[in-house]
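*Asks:* To start, I am sharing the structure in question, which I have written as structure tokens.
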Amino acid sequence: MESTTTPFRKPQPYEWKPILNRVVQLIKRARDIYFKDIEDCYPQSIVLTTLAAKFYEGESSVYEAFTNIAHKMKILKDEHPRFDVYNPACNGHQENFTEKWKQKTIYYDNYYDFADFLEENVKNLNSNVLAKQALRNLFGESSINTLQEETKQDAIWNISSNNLHTENVFPNSRIRIDKKERGNA
């Protein structure tokens, strides 16, 4: 019997990905930057992805979805000091993605800090004065330097501009991320 292999699909270009997928990538990147010096007890990808999917309301832009999801992540923290995130694909039995958070409450504390950080910086993306620093905070210095170099003509880098084009904030899929910054994606 002869075996066959199927080659991996090429990754879909960032611009072609659905809005929710893009926002999840941005949230996970921000998480990696925020927790770059922490080895353990940071919000896992599955928790962030599940929350983003739960809070997504079909917004028509990455910026609107990012803003909405970041805000709802903070509201969750404010309204529910201890919450559970269940696997939405499980029918019949409940798989709790935050089960270990109950034994090690630092997970909740780190989530709360991250939710505050995320919402504050996402809000600042729409500020002519604070947008550059918010991008640095969320996505790291090297990513922002590359983005700035490759998008010099975009309004986001022109502080005197009154027309901030948020749909062009993340136009380029060629941003390189250092291994040190990538952390535990």
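Letters A, B, ... mark the chains of the structure tokens in the order given; residue numbers begin at 1 per chain; ligand numbers begin at 1, in order shown.
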So that I can check the surroundings of Leu118 in chain A, please list as a list in words every protein, DNA and RNA residue that reaches within 8 Å of it, counting only C-alpha atoms and ignoring chain neighbours fewer than 2 positions away.
*Replies:*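 Neighbouring residues, sequence-local ones excluded: Ile27, Ala30, Ala70, Phe114, Ala115, Asp116, Glu120, Asn121, Val122 and Leu138 of chain A.
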*Asks:* Could you give me, as a PyMOL selection string, the residues within 10 Å of Ile75 in chain A, counting only C-alpha atoms and dropping anything in the same chain fewer than 3 positions from it?
*Replies:* chain A and resi 69-72+78-80+112+115-116+119
*Asks:* Which residues, written as a PDB file with N, CA, C and O atoms, in the first residue's frame, have at least one atom at most 7 Å from Val85 in chain A, with only C-alpha atoms counted and residues fewer than 3 positions away on the same chain left out?
*Replies:*
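New file selection.pdb:
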```
ATOM      1  N   VAL A  47      -8.462  30.741  25.581  1.00  0.00           N
ATOM      2  CA  VAL A  47      -9.351  31.595  26.375  1.00  0.00           C
ATOM      3  C   VAL A  47      -9.604  32.898  25.626  1.00  0.00           C
ATOM      4  O   VAL A  47     -10.757  33.328  25.474  1.00  0.00           O
ATOM      5  N   ASN A  96     -13.992  23.220  30.705  1.00  0.00           N
ATOM      6  CA  ASN A  96     -13.738  24.556  31.215  1.00  0.00           C
ATOM      7  C   ASN A  96     -12.285  24.928  30.926  1.00  0.00           C
ATOM      8  O   ASN A  96     -11.361  24.370  31.512  1.00  0.00           O
ATOM      9  N   PHE A  97     -12.089  25.901  30.038  1.00  0.00           N
ATOM     10  CA  PHE A  97     -10.742  26.328  29.676  1.00  0.00           C
ATOM     11  C   PHE A  97     -10.038  27.056  30.823  1.00  0.00           C
ATOM     12  O   PHE A  97      -8.827  27.205  30.807  1.00  0.00           O
ATOM     13  N   THR A  98     -10.799  27.545  31.798  1.00  0.00           N
ATOM     14  CA  THR A  98     -10.210  28.299  32.906  1.00  0.00           C
ATOM     15  C   THR A  98     -10.204  27.497  34.206  1.00  0.00           C
ATOM     16  O   THR A  98     -10.043  28.083  35.285  1.00  0.00           O
TER      17      THR A  98
END
```
*Asks:* Report the distance between CA of Glu99 in chain A and CA of Tyr86 in chain A in Å, rounded to one decimal place.
*Replies:*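 One can read the CA of Glu99 in chain A to CA of Tyr86 in chain A distance as 9.2 Å.
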*Asks:* Which neighbours of Tyr108 in chain A fall inside 10 Å, counting only C-alpha atoms, when residues of the same chain fewer than 2 positions from it are skipped, and could you give them as number ranges by chain?
*Replies:* A: 41-43, 77, 81-83, 98, 101-102, 104-106, 110-114
*Asks:* When DSSP works through the backbone of this structure, what residues of range 82-131 of chain A end up as helix (DSSP H, G or I), shown as a PyMOL selection string?
*Replies:* chain A and resi 99-103+106-124+131
*Asks:* Between CA of Pro18 in chain A and CA of Thr6 in chain A, what is the spacing in Å?
*Replies:*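 Answer for the CA of Thr6 in chain A to CA of Pro18 in chain A separation: 24.8 Å.
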*Asks:* Mind pulling up the distance from CA of Tyr56 in chain A to CA of Leu76 in chain A?
*Replies:*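 Computed distance, CA of Leu76 in chain A to CA of Tyr56 in chain A, equals 13.8 Å.
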